[in-house]
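Below is input_18.tsv, holding TSV, C-alpha atoms.
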```tsv
chain	number	residue	atom	x	y	z
G	1	MET	CA	12.62	-29.64	30.14
G	2	ASP	CA	11.01	-33.12	30.42
G	3	GLU	CA	10.45	-36.21	28.31
G	4	ASN	CA	6.97	-35.09	27.21
G	5	PHE	CA	8.42	-31.92	25.68
G	6	LEU	CA	11.12	-33.92	23.89
G	7	LEU	CA	8.62	-36.51	22.68
G	8	ILE	CA	6.46	-33.81	21.08
G	9	LEU	CA	9.47	-32.36	19.28
G	10	PHE	CA	10.71	-35.74	18.01
G	11	ASN	CA	7.23	-36.75	16.82
G	12	LYS	CA	6.81	-33.36	15.16
G	13	ALA	CA	10.20	-33.78	13.46
G	14	ALA	CA	9.24	-37.21	12.09
G	15	LEU	CA	5.77	-36.19	10.90
G	16	SER	CA	6.58	-32.72	9.59
G	17	SER	CA	10.30	-32.22	9.01
G	18	TYR	CA	10.79	-35.66	7.42
G	19	LYS	CA	7.18	-35.73	6.13
G	20	PHE	CA	6.65	-39.24	7.48
G	21	PRO	CA	3.00	-40.00	6.63
G	22	CYS	CA	2.23	-42.77	9.15
G	23	ALA	CA	1.63	-41.66	12.73
G	24	ASN	CA	0.33	-45.15	13.57
G	25	VAL	CA	3.69	-46.70	12.67
G	26	ILE	CA	5.47	-44.41	15.12
G	27	THR	CA	3.08	-45.55	17.84
G	28	LEU	CA	3.70	-49.18	16.87
G	29	PHE	CA	7.48	-48.74	17.08
G	30	GLN	CA	7.14	-47.10	20.49
G	31	MET	CA	5.03	-49.99	21.78
G	32	ILE	CA	7.36	-52.67	20.45
G	33	CYS	CA	10.43	-51.00	21.95
G	34	SER	CA	8.67	-50.57	25.29
G	35	SER	CA	7.52	-54.20	25.40
G	36	VAL	CA	10.96	-55.57	24.46
G	37	LEU	CA	12.66	-53.49	27.13
G	38	LEU	CA	10.13	-54.47	29.82
G	39	TYR	CA	10.45	-58.16	28.88
G	40	ALA	CA	14.23	-58.01	29.15
G	41	LEU	CA	14.15	-56.24	32.52
G	42	LYS	CA	11.51	-58.60	33.92
G	43	SER	CA	13.29	-61.72	32.63
G	44	ARG	CA	16.45	-60.66	34.45
G	45	LYS	CA	14.34	-59.87	37.56
G	46	ILE	CA	15.50	-56.25	37.54
G	47	ILE	CA	11.92	-55.01	37.82
G	48	SER	CA	8.60	-56.36	39.10
G	49	PHE	CA	5.15	-55.99	37.57
G	50	THR	CA	3.23	-55.99	40.86
G	51	VAL	CA	2.92	-53.47	43.69
G	52	ILE	CA	4.13	-56.09	46.16
G	53	ASN	CA	7.24	-57.85	44.87
G	54	GLU	CA	6.31	-61.52	44.73
G	55	ASP	CA	7.68	-64.62	43.07
G	56	GLU	CA	6.18	-65.55	39.71
G	57	SER	CA	2.71	-67.00	40.24
G	58	THR	CA	1.68	-70.41	38.94
G	59	LYS	CA	-1.34	-68.66	37.44
G	60	ASP	CA	0.87	-66.49	35.24
G	61	LEU	CA	0.78	-67.35	31.55
G	62	PRO	CA	4.15	-68.66	30.28
G	63	GLY	CA	6.24	-65.72	29.09
G	64	ILE	CA	3.45	-63.28	29.94
G	65	PHE	CA	4.31	-62.75	33.63
G	66	VAL	CA	0.72	-61.90	34.66
G	67	PRO	CA	-2.43	-64.01	35.22
G	68	LEU	CA	-5.02	-64.06	32.44
G	69	ASN	CA	-7.71	-62.46	34.61
G	70	THR	CA	-5.35	-59.56	35.42
G	71	LEU	CA	-4.63	-59.07	31.72
G	72	ILE	CA	-8.37	-58.99	31.00
G	73	THR	CA	-8.87	-56.45	33.80
G	74	THR	CA	-6.50	-54.05	32.05
G	75	LEU	CA	-8.34	-54.31	28.71
G	76	PRO	CA	-10.27	-51.01	29.12
G	77	LEU	CA	-7.03	-49.25	30.02
G	78	ALA	CA	-5.24	-50.69	27.00
G	79	ILE	CA	-8.01	-49.62	24.63
G	80	SER	CA	-8.11	-46.09	26.06
G	81	TYR	CA	-4.31	-45.93	25.79
G	82	LEU	CA	-4.41	-46.99	22.15
G	83	LEU	CA	-6.97	-44.31	21.33
G	84	TYR	CA	-4.98	-41.75	23.30
G	85	MET	CA	-1.74	-42.51	21.48
G	86	LEU	CA	-3.24	-42.64	17.98
G	87	VAL	CA	-5.29	-39.46	18.29
G	88	SER	CA	-2.51	-37.57	20.10
G	89	MET	CA	0.01	-38.54	17.42
G	90	GLU	CA	-2.31	-37.35	14.65
G	91	SER	CA	-3.07	-34.12	16.53
G	92	VAL	CA	0.60	-33.06	16.37
G	93	ARG	CA	0.57	-33.00	12.58
G	94	GLY	CA	-1.83	-30.17	11.73
G	95	VAL	CA	-0.94	-27.41	14.19
G	96	SER	CA	2.19	-25.60	15.32
G	97	VAL	CA	3.87	-26.87	18.49
G	98	PRO	CA	3.02	-23.69	20.48
G	99	MET	CA	-0.65	-23.82	19.49
G	100	TYR	CA	-0.73	-27.58	20.06
G	101	THR	CA	0.30	-27.14	23.69
G	102	THR	CA	-2.19	-24.27	24.07
G	103	LEU	CA	-5.13	-26.36	22.91
G	104	ARG	CA	-3.97	-29.40	24.86
G	105	ARG	CA	-4.04	-27.35	28.04
G	106	THR	CA	-7.85	-27.49	28.00
G	107	THR	CA	-7.50	-31.20	28.82
G	108	VAL	CA	-7.83	-30.27	32.50
G	109	ALA	CA	-11.52	-29.47	32.03
G	110	PHE	CA	-12.19	-32.80	30.31
G	111	THR	CA	-10.24	-34.61	33.04
G	112	MET	CA	-12.34	-33.07	35.80
G	113	LEU	CA	-15.51	-34.07	33.95
G	114	VAL	CA	-14.38	-37.67	33.37
G	115	GLU	CA	-13.24	-38.04	37.00
G	116	TYR	CA	-16.67	-36.93	38.16
G	117	VAL	CA	-18.49	-39.29	35.79
G	118	LEU	CA	-16.35	-42.34	36.63
G	119	VAL	CA	-15.61	-41.96	40.34
G	120	ARG	CA	-17.76	-38.97	41.38
G	121	GLN	CA	-14.60	-37.03	42.22
G	122	LYS	CA	-15.37	-33.48	43.37
G	123	HIS	CA	-12.90	-30.63	43.71
G	124	SER	CA	-12.76	-27.52	45.88
G	125	LEU	CA	-13.54	-24.07	44.55
G	126	ASN	CA	-9.83	-23.22	44.75
G	127	ILE	CA	-8.96	-26.13	42.47
G	128	ILE	CA	-11.78	-25.26	40.06
G	129	GLY	CA	-10.61	-21.65	40.05
G	130	SER	CA	-7.04	-22.61	39.17
G	131	VAL	CA	-8.31	-24.79	36.33
G	132	GLY	CA	-10.45	-21.88	35.13
G	133	ILE	CA	-7.37	-19.64	34.97
G	134	ILE	CA	-5.57	-22.25	32.86
G	135	ILE	CA	-8.47	-22.50	30.39
G	136	VAL	CA	-8.89	-18.72	30.12
G	137	GLY	CA	-5.18	-18.42	29.46
G	138	ALA	CA	-5.41	-21.07	26.74
G	139	PHE	CA	-8.16	-19.17	24.90
G	140	ILE	CA	-6.33	-15.83	25.25
G	141	ALA	CA	-3.15	-17.40	23.90
G	142	GLY	CA	-4.96	-18.75	20.84
G	143	ALA	CA	-7.11	-15.70	20.17
G	144	ARG	CA	-5.00	-14.53	17.22
G	145	ASP	CA	-3.82	-17.81	15.79
G	146	LEU	CA	-3.74	-17.18	12.05
G	147	SER	CA	-2.98	-20.84	11.27
G	148	PHE	CA	-6.48	-22.00	12.25
G	149	ASP	CA	-7.44	-25.39	10.82
G	150	ALA	CA	-10.85	-26.72	11.84
G	151	TYR	CA	-9.92	-30.38	11.27
G	152	ALA	CA	-6.62	-30.08	13.15
G	153	TYR	CA	-8.29	-28.33	16.08
G	154	ALA	CA	-11.04	-30.97	16.19
G	155	VAL	CA	-8.40	-33.71	16.32
G	156	VAL	CA	-6.60	-31.96	19.19
G	157	PHE	CA	-9.81	-31.66	21.22
G	158	SER	CA	-10.53	-35.33	20.50
G	159	ALA	CA	-7.06	-36.05	21.87
G	160	ASN	CA	-7.99	-34.11	25.00
G	161	ILE	CA	-11.03	-36.30	25.57
G	162	CYS	CA	-9.01	-39.48	24.98
G	163	THR	CA	-6.32	-38.25	27.36
G	164	ALA	CA	-8.87	-37.60	30.10
G	165	ILE	CA	-10.38	-41.08	29.73
G	166	TYR	CA	-6.92	-42.66	29.59
G	167	LEU	CA	-5.69	-40.97	32.77
G	168	ALA	CA	-8.89	-41.72	34.66
G	169	SER	CA	-8.56	-45.38	33.61
G	170	ILE	CA	-5.01	-45.48	34.96
G	171	ALA	CA	-6.20	-44.13	38.31
G	172	ARG	CA	-8.98	-46.71	38.59
G	173	ILE	CA	-7.34	-49.85	37.19
G	174	GLY	CA	-3.90	-49.07	38.61
G	175	LYS	CA	-5.28	-49.09	42.14
G	176	SER	CA	-7.45	-52.20	41.71
G	177	SER	CA	-5.34	-54.56	39.58
G	178	GLY	CA	-2.34	-54.89	41.91
G	179	LEU	CA	0.01	-53.96	39.07
G	180	ASN	CA	2.63	-51.25	39.37
G	181	SER	CA	3.55	-48.82	36.58
G	182	PHE	CA	5.76	-51.33	34.78
G	183	GLY	CA	3.02	-53.97	34.96
G	184	LEU	CA	0.41	-51.63	33.52
G	185	MET	CA	2.74	-50.67	30.68
G	186	TRP	CA	3.45	-54.36	30.01
G	187	CYS	CA	-0.24	-55.28	29.78
G	188	ASN	CA	-0.80	-52.29	27.50
G	189	GLY	CA	1.85	-53.57	25.14
G	190	LEU	CA	0.53	-57.14	25.15
G	191	ILE	CA	-2.96	-56.05	24.17
G	192	CYS	CA	-2.31	-53.03	21.95
G	193	THR	CA	0.71	-54.13	19.91
G	194	PRO	CA	-1.05	-56.97	18.00
G	195	ILE	CA	-4.07	-54.74	17.37
G	196	LEU	CA	-1.95	-51.91	16.05
G	197	LEU	CA	0.22	-54.26	13.98
G	198	ILE	CA	-2.87	-55.63	12.21
G	199	TRP	CA	-4.24	-52.11	11.81
G	200	THR	CA	-1.09	-50.77	10.15
G	201	TRP	CA	-0.89	-53.83	7.89
G	202	VAL	CA	-4.52	-53.61	6.73
G	203	SER	CA	-4.34	-49.83	6.23
G	204	GLY	CA	-1.19	-50.15	4.13
G	205	ASP	CA	0.99	-48.14	6.53
G	206	LEU	CA	3.62	-50.88	6.65
G	207	LYS	CA	3.90	-50.81	2.87
G	208	VAL	CA	4.26	-47.04	2.96
G	209	LEU	CA	6.99	-47.48	5.58
G	210	ALA	CA	8.90	-49.90	3.35
G	211	ASN	CA	8.85	-47.35	0.51
G	212	PHE	CA	9.58	-44.29	2.66
G	213	PRO	CA	12.54	-42.44	1.05
G	214	HIS	CA	14.11	-41.40	4.36
G	215	LEU	CA	13.84	-44.84	5.98
G	216	SER	CA	17.60	-45.43	5.73
G	217	SER	CA	18.47	-41.85	6.65
G	218	PRO	CA	20.56	-41.71	9.86
G	219	GLY	CA	18.79	-38.53	10.91
G	220	PHE	CA	15.34	-40.10	10.60
G	221	GLN	CA	16.46	-43.25	12.41
G	222	VAL	CA	17.87	-41.20	15.28
G	223	VAL	CA	14.60	-39.25	15.56
G	224	MET	CA	12.58	-42.47	15.62
G	225	PHE	CA	14.85	-44.07	18.21
G	226	LEU	CA	14.74	-41.04	20.50
G	227	SER	CA	10.96	-40.87	20.06
G	228	CYS	CA	10.70	-44.47	21.33
G	229	VAL	CA	12.98	-43.75	24.29
G	230	MET	CA	11.06	-40.62	25.27
G	231	ALA	CA	7.73	-42.45	24.88
G	232	PHE	CA	8.86	-45.13	27.33
G	233	LEU	CA	10.03	-42.57	29.89
G	234	LEU	CA	6.88	-40.49	29.45
G	235	ASN	CA	4.57	-43.49	29.85
G	236	TYR	CA	6.31	-44.60	33.02
G	237	SER	CA	6.16	-41.13	34.59
G	238	VAL	CA	2.48	-40.76	33.62
G	239	PHE	CA	1.53	-44.13	35.10
G	240	LEU	CA	3.53	-43.50	38.27
G	241	ASN	CA	2.23	-39.97	38.88
G	242	THR	CA	-1.39	-40.85	38.10
G	243	THR	CA	-1.52	-43.93	40.33
G	244	LEU	CA	0.21	-42.14	43.22
G	245	ASN	CA	-1.76	-38.89	42.88
G	246	SER	CA	-4.69	-38.39	40.48
G	247	ALA	CA	-5.58	-37.96	36.83
G	248	LEU	CA	-6.12	-34.22	37.30
G	249	THR	CA	-2.75	-33.79	39.02
G	250	GLN	CA	-1.01	-35.51	36.11
G	251	THR	CA	-2.79	-33.21	33.66
G	252	ILE	CA	-1.76	-30.11	35.60
G	253	CYS	CA	1.85	-31.29	35.84
G	254	GLY	CA	1.98	-31.44	32.07
G	255	ASN	CA	1.27	-27.72	31.90
G	256	LEU	CA	4.42	-26.86	33.84
G	257	LYS	CA	6.63	-27.86	30.92
G	258	ASP	CA	4.75	-25.72	28.40
G	259	LEU	CA	7.15	-22.77	28.52
G	260	PHE	CA	9.96	-25.03	27.28
G	261	THR	CA	7.76	-26.59	24.60
G	262	ILE	CA	6.49	-23.24	23.36
G	263	GLY	CA	9.89	-21.56	23.28
G	264	PHE	CA	11.67	-24.38	21.48
G	265	GLY	CA	8.68	-24.97	19.22
G	266	TRP	CA	8.85	-21.39	17.99
G	267	VAL	CA	12.57	-21.69	17.35
G	268	LEU	CA	12.56	-25.11	15.65
G	269	PHE	CA	9.26	-25.29	13.79
G	270	GLY	CA	7.77	-21.80	13.68
G	271	GLY	CA	4.17	-21.52	12.52
G	272	LEU	CA	3.09	-18.89	15.05
G	273	PRO	CA	4.40	-15.28	15.15
G	274	PHE	CA	5.18	-13.50	18.42
G	275	ASP	CA	2.00	-12.09	19.93
G	276	LEU	CA	1.53	-10.29	23.26
G	277	LEU	CA	-1.84	-11.98	23.77
G	278	ASN	CA	-0.20	-15.35	23.31
G	279	VAL	CA	2.45	-14.52	25.89
G	280	VAL	CA	-0.18	-13.30	28.37
G	281	GLY	CA	-2.25	-16.43	27.83
G	282	GLN	CA	0.72	-18.75	28.31
G	283	SER	CA	1.63	-16.89	31.51
G	284	LEU	CA	-1.91	-17.27	32.86
G	285	GLY	CA	-1.79	-21.00	32.16
G	286	PHE	CA	1.50	-21.32	34.00
G	287	LEU	CA	0.10	-19.25	36.91
G	288	GLY	CA	-2.97	-21.48	37.12
G	289	SER	CA	-0.77	-24.56	37.29
G	290	CYS	CA	1.25	-23.06	40.13
G	291	ILE	CA	-1.92	-22.12	42.06
G	292	TYR	CA	-3.18	-25.69	41.65
G	293	ALA	CA	0.10	-27.05	43.03
G	294	VAL	CA	-0.10	-24.75	46.07
G	295	CYS	CA	-3.73	-25.76	46.70
G	296	LYS	CA	-2.85	-29.47	46.56
G	297	ILE	CA	0.15	-29.07	48.87
G	298	LYS	CA	-1.86	-27.08	51.42
G	299	GLY	CA	-4.99	-29.20	51.00
G	300	LEU	CA	-7.16	-26.26	49.98
```

Exercise: express the given structure as structure tokens:
Amino acid sequence: MDENFLLILFNKAALSSYKFPCANVITLFQMICSSVLLYALKSRKIISFTVINEDESTKDLPGIFVPLNTLITTLPLAISYLLYMLVSMESVRGVSVPMYTTLRRTTVAFTMLVEYVLVRQKHSLNIIGSVGIIIVGAFIAGARDLSFDAYAYAVVFSANICTAIYLASIARIGKSSGLNSFGLMWCNGLICTPILLIWTWVSGDLKVLANFPHLSSPGFQVVMFLSCVMAFLLNYSVFLNTTLNSALTQTICGNLKDLFTIGFGWVLFGGLPFDLLNVVGQSLGFLGSCIYAVCKIKGL
């Protein structure tokens, strides 16, 4: 069980169980908490924002910890991250957790396509074959989904595209900016938080938040807090894995936690009856992920 699985469940609990109508506000809270924590750790010199631990540069903006040109360099990454978070948060709302993870598994195909377009990354037939098994499994698993919602499915596939662009951006900018995972997360927060704050204010989400009946509920507050904690841990692991390995590897790794997500999703939220085809499809997806891991380890 990993932080991505827990994040999905906490977000689903806030949006569905508590009927919280503002996915953008959850994203805003997650960003603010992440930025505050990173600022505190950096101020106390517990962490560094660069790959090579150096003293604070004279070119760094006061209180910003990074040079202006470095911050500008991360702008495409920050924008892709914002789109990824907003669309992914909305995609959780309209489908069951098991079917959400099934549809999200097709992200591997979009990631391979984006990697080829951006950096001309090519993969071996063994890798392509393992990805094909994952996608076939995803379609088998969803073959009898009676809770089909065209809009919800379209949002999930949009989230897949945003995820692929986001991960490919991490791989490119992370290796060229000189920033480590904490530094990339920090720049994301600096750029995206003001944009999202204005967005939620103009759209009226902040007013809806102020009038939300469960705002003072301890249960809702705990869910929101844990969602922010899991988002921070997830973002750090995603940045670290993607910069050290590749965007496709990060996407495949996400599939390995699907059995936990699916099982607990059925128990906690329901929405999808037991189906042999679904079980077979999920198993194929897990098998494809394992084959990919073996191919990467052996260099096939």

Worksheet, complete the sentence: re CA of Lys42 (chain G) and CA of Thr193 (chain G): distance 18.2 Å

Item to complete: Name the closest residue to Lys298 (chain G) among the candidates G:Ile79, G:Ile127, G:Ile173, G:Ile32; distances are taken between atoms, counting all atoms listed in the file.
Response: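 That would be G:Ile127, the residue with the smallest distance to Lys298 (chain G).
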
Discussion item. Between CA of Leu190 (chain G) and CA of Met31 (chain G), what is the distance in Å, rounded to a tenth?
Written reply: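 Result for CA of Leu190 (chain G) versus CA of Met31 (chain G): 9.1 Å, one decimal.
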
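Shortest separation to Ser177 (chain G) among G:Leu77, G:Cys192, G:Val294, G:Val280 occurs at residue G:Leu77, atoms counted being all atoms listed in the file.
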
Discussion item. Could you check which residues have any atom within 12 Å of (7.3, -47.4, 4.8), counting only C-alpha atoms with coordinates taken straight from the file, and then list them as a list in words?
Written reply: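 Protein and nucleic acid residues near the point are Lys19, Phe20, Pro21, Cys22, Ala23, Asn24, Val25, Ile26, Thr200, Trp201, Ser203, Gly204, Asp205, Leu206, Lys207, Val208, Leu209, Ala210, Asn211, Phe212, Pro213, His214, Leu215 and Ser216 of chain G.
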
Practice prompt. Mind listing whatever residues come within 10 Å of the point (14.4, -42.3, 14.2)? Use all atoms listed in the file, file coordinates, and give them as a PyMOL selection string.
Written response: chain G and resi 10-11+13-14+26+29+214-228
